[in-house]
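Here the structure comes first, spelled out in structure tokens, and everything after it is commentary.
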Amino acid sequence: MTRYLLTRLGQALVIVLLVTLITFVILHLLPGGAARAILGKEATLQQIAAFNHEMGYDRPLWEQYALYLRRLAGGDLGYSFQLNQSVSEAIWQRLPKTMLLSLGSTLLAVVVAVPLGVVQAVRRNRWPDYTINGLSLLAYATPIFFMGLMMIILFSQVWPVLPPEAPQGFTLAEVLADPAGLVLPTLTLSILTVAVYSRYVRSSMVDNLNENYVRTARSKGLSEGRVIVGHTLRNGLFPVITLLGMYLPALFSGALVVERLFNYPGMGLLFWQAALKRDYPILLGVTLLISVATVIGALVADVLYAAVDPRVRLKAGRS
Amino acid sequence: MSAPQEEAPVRGMWRQGLEVFCENRLALVGVGLFVLLAAFSFLGPLFYQTDQVHTDLTKVYLAPGDGHPLGTDGVGYDQLGRMMLGGQTSIVVGLAAGLLATVVGTVWGAIAGFAGSWIDAIMMRVVDAMMSIPALFLFMLMASIVTPTVPMLIVIIGAFAWLGPARLVRGEALSLRTREYVMAMRGMGGTGGRAVRRHIIPNAIGTVIVNATFQVADAILYVAYLSFLGLGVPPPAANWGGMLSDGLSDTFSGHWWLLYPPGIAIILIVLAFNFIGDGLRDVFEVRLRRR
């Protein structure tokens, strides 16, 4: 287990380093160079020269990258002159709200998707399977903002029970104080997740239902319910843990769209506003942070998976 | 399954595949949908000509009716004609980005999987790193640096979407390179490049083709998301995603005809490619079973 942990941790570190390399390259691809992109069009040549000197942009590239890494390690993601705020501060104010939205919708999605997938697997190739399959394919094919708008039309116009906009509080507590406003964004974000997860649970359950141990359980006279819940479900759900990790990038992309649609004051909205204003320090900072969050999430999922399923860690340890 | 053994070799590979494909009714629906939508977008303008370049502020937000079967939008473009124009962009970008991603990913994955050892490790860590940057964030970052035009959109989406196929093909290549026929060829002095070209890629092609159809569907959705986030192709060009996101703000003024047609069109084309992909998957799996 230790060996697996170390290998996986090493991989994650390499990936994080590569991500910083990518953002570093993008920083240098910015129109007019990093200094002009960050300081704005009106910056004078002296200001640019001073900025380049201060940030070390006049030194050799490898030295710049080392400096960049050292700043990142110290938690310095840069400074947004447009917000007049350090990037890490701006992100820090919004990160908890995005986490609330992402975690809430994932939790909801798992709670809904697991029973759906199990029903599909047990009744496979019959009408419950076809119906759920059709619906999840439809959900997958619908752009998430179109889906969200349908929800707004349904639940705040046709049948006005929920507000069409997310809570506008500045802190997490203020957002939580308005739970009604959280319903539609969370629901919208979870629909796509349900579609992806239920498919996955279904195929994993189908694989397990064909295993010998299920036949043994049945032949010793266990009821079908106990075979499914007691034996197959546990094994069938293991791969879903990995999916939780793999799905993170899509989840964050979805959160970006949902936050924009419902005007939810999270990191996605910050990123979107920054993209329109070409506020590059924010853009790069958010991208980096969200990628690191993805790597950590995938790492945690893999470690959890290895902890519950010895086959994984043993196989990985050998290769 | 119970087909007579002697009959099998007579039927060609393509013929057999086509039969399996046709057994999947949804796959046929998918092909039908795609043909319809493509014909609507590309042949439609031949029969229904509209001016999609000049704005006409005297004909703003006309409801569907005489002369404008689907009404007009906020600057006086005929909505039906615009749907045709938008469909062209959506389909072309989807197909081109899907193709680009598939080709790049296949080559990358085949090389990594075949080379193995440290080359594989480095190449796959690059894939892991790029995959951990959520797609939309990377797209927006790139779209804020370069002006989004149609070719640019294809490159931006293709530059990210190749990661999925790369992983897939690498997995296939890993298992294929230890097969006897590849080893035999290597033993006779064949080069690694030949192994990739003649054995790995042709044998992984089934997986690749199936994946490519899903890539096209995803690319069409990505264009829609980018448009919604304000980084789509600027007018007078149009695409279904952009029209849909413009339509969002119009719904609350009751201009439903600007919202539902592009929304439904996107859902239909994405569904079509998913159905086709599922059908193709049957083709490659069933053929293995019948052998």
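Scheme for the structure tokens: letters A, B, ... for chains in order shown; per-chain residue numbers from 1; ligand numbers from 1 in order shown.
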- Up to 8 Å from chain B, what residues of chain A turn up? Count only C-alpha atoms and give them as a PyMOL selection string. chain A and resi 11+14-16+18-19+30-31+137-138+141-143+145-146+149+248-250+252-253+256-257+260+272+275-276+278+283-284+287-288+290-292+294-295
- Could you pull out all residues of stretch 162-233 of chain A with a DSSP call of helix (DSSP H, G or I) and give them as a PyMOL selection string? chain A and resi 172-176+179-209+212-219+224-233
What would the file look like if the residues just selected were written as a compact mmCIF listing (two decimals), in the first residue's frame with N, CA and C atoms?
```txt
# COMPACT_ATOMS: atom_id res chain seq x y z
N LEU A 172 -19.92 32.64 2.50
CA LEU A 172 -20.58 31.35 2.42
C LEU A 172 -21.84 31.33 3.28
N ALA A 173 -21.75 31.95 4.47
CA ALA A 173 -22.89 31.96 5.39
C ALA A 173 -24.08 32.69 4.77
N GLU A 174 -23.81 33.80 4.09
CA GLU A 174 -24.90 34.55 3.46
C GLU A 174 -25.56 33.73 2.36
N VAL A 175 -24.73 32.99 1.62
CA VAL A 175 -25.28 32.14 0.56
C VAL A 175 -26.14 31.04 1.16
N LEU A 176 -25.65 30.45 2.24
CA LEU A 176 -26.38 29.36 2.88
C LEU A 176 -27.67 29.84 3.52
N PRO A 179 -31.41 29.17 1.17
CA PRO A 179 -31.34 27.83 0.55
C PRO A 179 -32.21 27.70 -0.70
N ALA A 180 -33.32 28.45 -0.76
CA ALA A 180 -34.20 28.32 -1.93
C ALA A 180 -33.45 28.68 -3.21
N GLY A 181 -32.58 29.69 -3.11
CA GLY A 181 -31.84 30.13 -4.29
C GLY A 181 -30.81 29.12 -4.73
N LEU A 182 -30.43 28.20 -3.83
CA LEU A 182 -29.41 27.21 -4.17
C LEU A 182 -29.99 26.03 -4.94
N VAL A 183 -31.32 25.86 -4.85
CA VAL A 183 -31.93 24.64 -5.39
C VAL A 183 -31.71 24.51 -6.90
N LEU A 184 -32.08 25.54 -7.65
CA LEU A 184 -31.99 25.43 -9.11
C LEU A 184 -30.55 25.26 -9.61
N PRO A 185 -29.58 26.05 -9.14
CA PRO A 185 -28.21 25.81 -9.61
C PRO A 185 -27.71 24.39 -9.30
N THR A 186 -27.95 23.93 -8.07
CA THR A 186 -27.49 22.60 -7.69
C THR A 186 -28.15 21.53 -8.54
N LEU A 187 -29.47 21.67 -8.72
CA LEU A 187 -30.23 20.71 -9.50
C LEU A 187 -29.71 20.66 -10.94
N THR A 188 -29.52 21.83 -11.54
CA THR A 188 -29.06 21.90 -12.93
C THR A 188 -27.71 21.22 -13.08
N LEU A 189 -26.80 21.53 -12.16
CA LEU A 189 -25.46 20.96 -12.27
C LEU A 189 -25.48 19.45 -12.06
N SER A 190 -26.45 18.97 -11.25
CA SER A 190 -26.42 17.53 -10.95
C SER A 190 -27.06 16.69 -12.05
N ILE A 191 -27.90 17.29 -12.89
CA ILE A 191 -28.60 16.47 -13.90
C ILE A 191 -27.61 15.78 -14.84
N LEU A 192 -26.64 16.55 -15.33
CA LEU A 192 -25.65 15.98 -16.24
C LEU A 192 -24.85 14.89 -15.52
N THR A 193 -24.51 15.17 -14.26
CA THR A 193 -23.74 14.20 -13.48
C THR A 193 -24.53 12.91 -13.30
N VAL A 194 -25.83 13.04 -13.04
CA VAL A 194 -26.66 11.85 -12.89
C VAL A 194 -26.59 11.02 -14.17
N ALA A 195 -26.68 11.69 -15.32
CA ALA A 195 -26.67 10.98 -16.60
C ALA A 195 -25.38 10.17 -16.74
N VAL A 196 -24.25 10.80 -16.42
CA VAL A 196 -22.96 10.11 -16.57
C VAL A 196 -22.83 8.97 -15.56
N TYR A 197 -23.14 9.26 -14.30
CA TYR A 197 -22.95 8.28 -13.24
C TYR A 197 -23.85 7.05 -13.40
N SER A 198 -25.13 7.28 -13.75
CA SER A 198 -26.05 6.14 -13.79
C SER A 198 -25.60 5.15 -14.87
N ARG A 199 -25.08 5.68 -15.98
CA ARG A 199 -24.55 4.81 -17.02
C ARG A 199 -23.42 3.95 -16.48
N TYR A 200 -22.57 4.59 -15.70
CA TYR A 200 -21.39 3.93 -15.17
C TYR A 200 -21.80 2.87 -14.16
N VAL A 201 -22.71 3.23 -13.24
CA VAL A 201 -23.18 2.28 -12.24
C VAL A 201 -23.82 1.09 -12.94
N ARG A 202 -24.61 1.37 -13.98
CA ARG A 202 -25.28 0.30 -14.70
C ARG A 202 -24.27 -0.70 -15.24
N SER A 203 -23.25 -0.20 -15.97
CA SER A 203 -22.35 -1.16 -16.62
C SER A 203 -21.52 -1.90 -15.57
N SER A 204 -21.17 -1.21 -14.49
CA SER A 204 -20.40 -1.87 -13.45
C SER A 204 -21.23 -2.97 -12.78
N MET A 205 -22.52 -2.67 -12.54
CA MET A 205 -23.40 -3.67 -11.93
C MET A 205 -23.63 -4.85 -12.87
N VAL A 206 -23.80 -4.56 -14.15
CA VAL A 206 -24.02 -5.63 -15.12
C VAL A 206 -22.82 -6.57 -15.13
N ASP A 207 -21.60 -6.00 -15.13
CA ASP A 207 -20.40 -6.82 -15.10
C ASP A 207 -20.41 -7.73 -13.89
N ASN A 208 -20.73 -7.14 -12.72
CA ASN A 208 -20.68 -7.91 -11.49
C ASN A 208 -21.76 -8.97 -11.40
N LEU A 209 -22.94 -8.67 -11.99
CA LEU A 209 -24.04 -9.63 -11.91
C LEU A 209 -23.72 -10.92 -12.68
N ASN A 212 -19.09 -15.15 -10.94
CA ASN A 212 -19.38 -16.44 -10.32
C ASN A 212 -19.92 -16.30 -8.90
N TYR A 213 -19.39 -15.29 -8.18
CA TYR A 213 -19.80 -15.20 -6.78
C TYR A 213 -21.29 -14.87 -6.66
N VAL A 214 -21.83 -14.20 -7.67
CA VAL A 214 -23.26 -13.90 -7.65
C VAL A 214 -24.05 -15.19 -7.86
N ARG A 215 -23.54 -16.03 -8.76
CA ARG A 215 -24.21 -17.31 -9.00
C ARG A 215 -24.19 -18.15 -7.73
N THR A 216 -23.04 -18.14 -7.04
CA THR A 216 -22.93 -18.88 -5.78
C THR A 216 -23.96 -18.36 -4.78
N ALA A 217 -24.00 -17.04 -4.65
CA ALA A 217 -24.93 -16.44 -3.68
C ALA A 217 -26.37 -16.85 -4.00
N ARG A 218 -26.70 -16.85 -5.31
CA ARG A 218 -28.05 -17.21 -5.70
C ARG A 218 -28.32 -18.68 -5.41
N SER A 219 -27.30 -19.52 -5.71
CA SER A 219 -27.55 -20.96 -5.59
C SER A 219 -27.61 -21.41 -4.15
N GLU A 224 -33.14 -12.43 -4.11
CA GLU A 224 -32.55 -11.58 -5.14
C GLU A 224 -32.14 -10.22 -4.55
N GLY A 225 -32.96 -9.74 -3.62
CA GLY A 225 -32.66 -8.45 -2.98
C GLY A 225 -31.34 -8.50 -2.24
N ARG A 226 -31.11 -9.59 -1.50
CA ARG A 226 -29.87 -9.67 -0.75
C ARG A 226 -28.68 -9.87 -1.67
N VAL A 227 -28.89 -10.61 -2.75
CA VAL A 227 -27.79 -10.80 -3.70
C VAL A 227 -27.35 -9.45 -4.24
N ILE A 228 -28.34 -8.61 -4.57
CA ILE A 228 -28.01 -7.33 -5.19
C ILE A 228 -27.45 -6.35 -4.17
N VAL A 229 -28.18 -6.16 -3.07
CA VAL A 229 -27.75 -5.15 -2.10
C VAL A 229 -26.54 -5.62 -1.31
N GLY A 230 -26.57 -6.87 -0.85
CA GLY A 230 -25.51 -7.34 0.03
C GLY A 230 -24.23 -7.72 -0.69
N HIS A 231 -24.34 -8.27 -1.90
CA HIS A 231 -23.14 -8.78 -2.56
C HIS A 231 -22.68 -7.92 -3.72
N THR A 232 -23.59 -7.68 -4.68
CA THR A 232 -23.16 -7.04 -5.92
C THR A 232 -22.94 -5.55 -5.77
N LEU A 233 -23.80 -4.89 -5.01
CA LEU A 233 -23.75 -3.43 -4.93
C LEU A 233 -22.39 -2.95 -4.43
```
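For stretch 38-256 of chain B, a DSSP pass over the backbone yields strand (DSSP E or B) at Gly65, His68, Thr72 and Asp78 of chain B.
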- Separating atom CA of B:Pro165 from atom CA of B:Trp108, to the nearest tenth of an Å, is a gap of 8.9 Å
- Using only C-alpha atoms, pick whichever of A:Ala90, A:Leu244, A:Val25, A:Ala306 has the shortest atom-to-atom distance to A:Gly78. A:Ala90
- When you draw a straight line from atom CA of A:Thr20 to atom CA of A:Trp62, how long is it in Å?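 That distance, rounded to one decimal, is 13.0 Å.
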- Query: Excluding same-chain residues fewer than 6 positions from B:Leu43, what lies within 12 Å of it counting only C-alpha atoms, as JSON, numbers by chain?
  - Reply: {"B": [35, 36, 37, 49, 81, 84, 85, 87, 88]}
- Message: So that I can see what lies close to A:Pro128, please list as a ChimeraX atom specification the residues with an atom at most 8 Å from it, counting only C-alpha atoms and leaving out residues fewer than 5 positions away in the same chain.
- Response: /A:119-120,123
Would you put the residues from that selection into a file with N, CA and C atoms, as a PDB file, in the first residue's frame?
```pdb
ATOM      1  N   VAL A 119     -31.283  -0.198 -10.807  1.00  0.00           N
ATOM      2  CA  VAL A 119     -32.538  -0.611 -11.439  1.00  0.00           C
ATOM      3  C   VAL A 119     -32.292  -0.976 -12.898  1.00  0.00           C
ATOM      4  N   GLN A 120     -31.486  -0.161 -13.590  1.00  0.00           N
ATOM      5  CA  GLN A 120     -31.193  -0.437 -14.996  1.00  0.00           C
ATOM      6  C   GLN A 120     -30.499  -1.787 -15.156  1.00  0.00           C
ATOM      7  N   ARG A 123     -32.951  -4.670 -14.319  1.00  0.00           N
ATOM      8  CA  ARG A 123     -33.987  -4.798 -15.347  1.00  0.00           C
ATOM      9  C   ARG A 123     -33.410  -4.502 -16.730  1.00  0.00           C
TER      10      ARG A 123
END
```
- Message: If I take atom CA of B:Arg170 and atom CA of B:Ala110, how far is one from the other in Å, to one decimal?
- Response: 5.3 Å
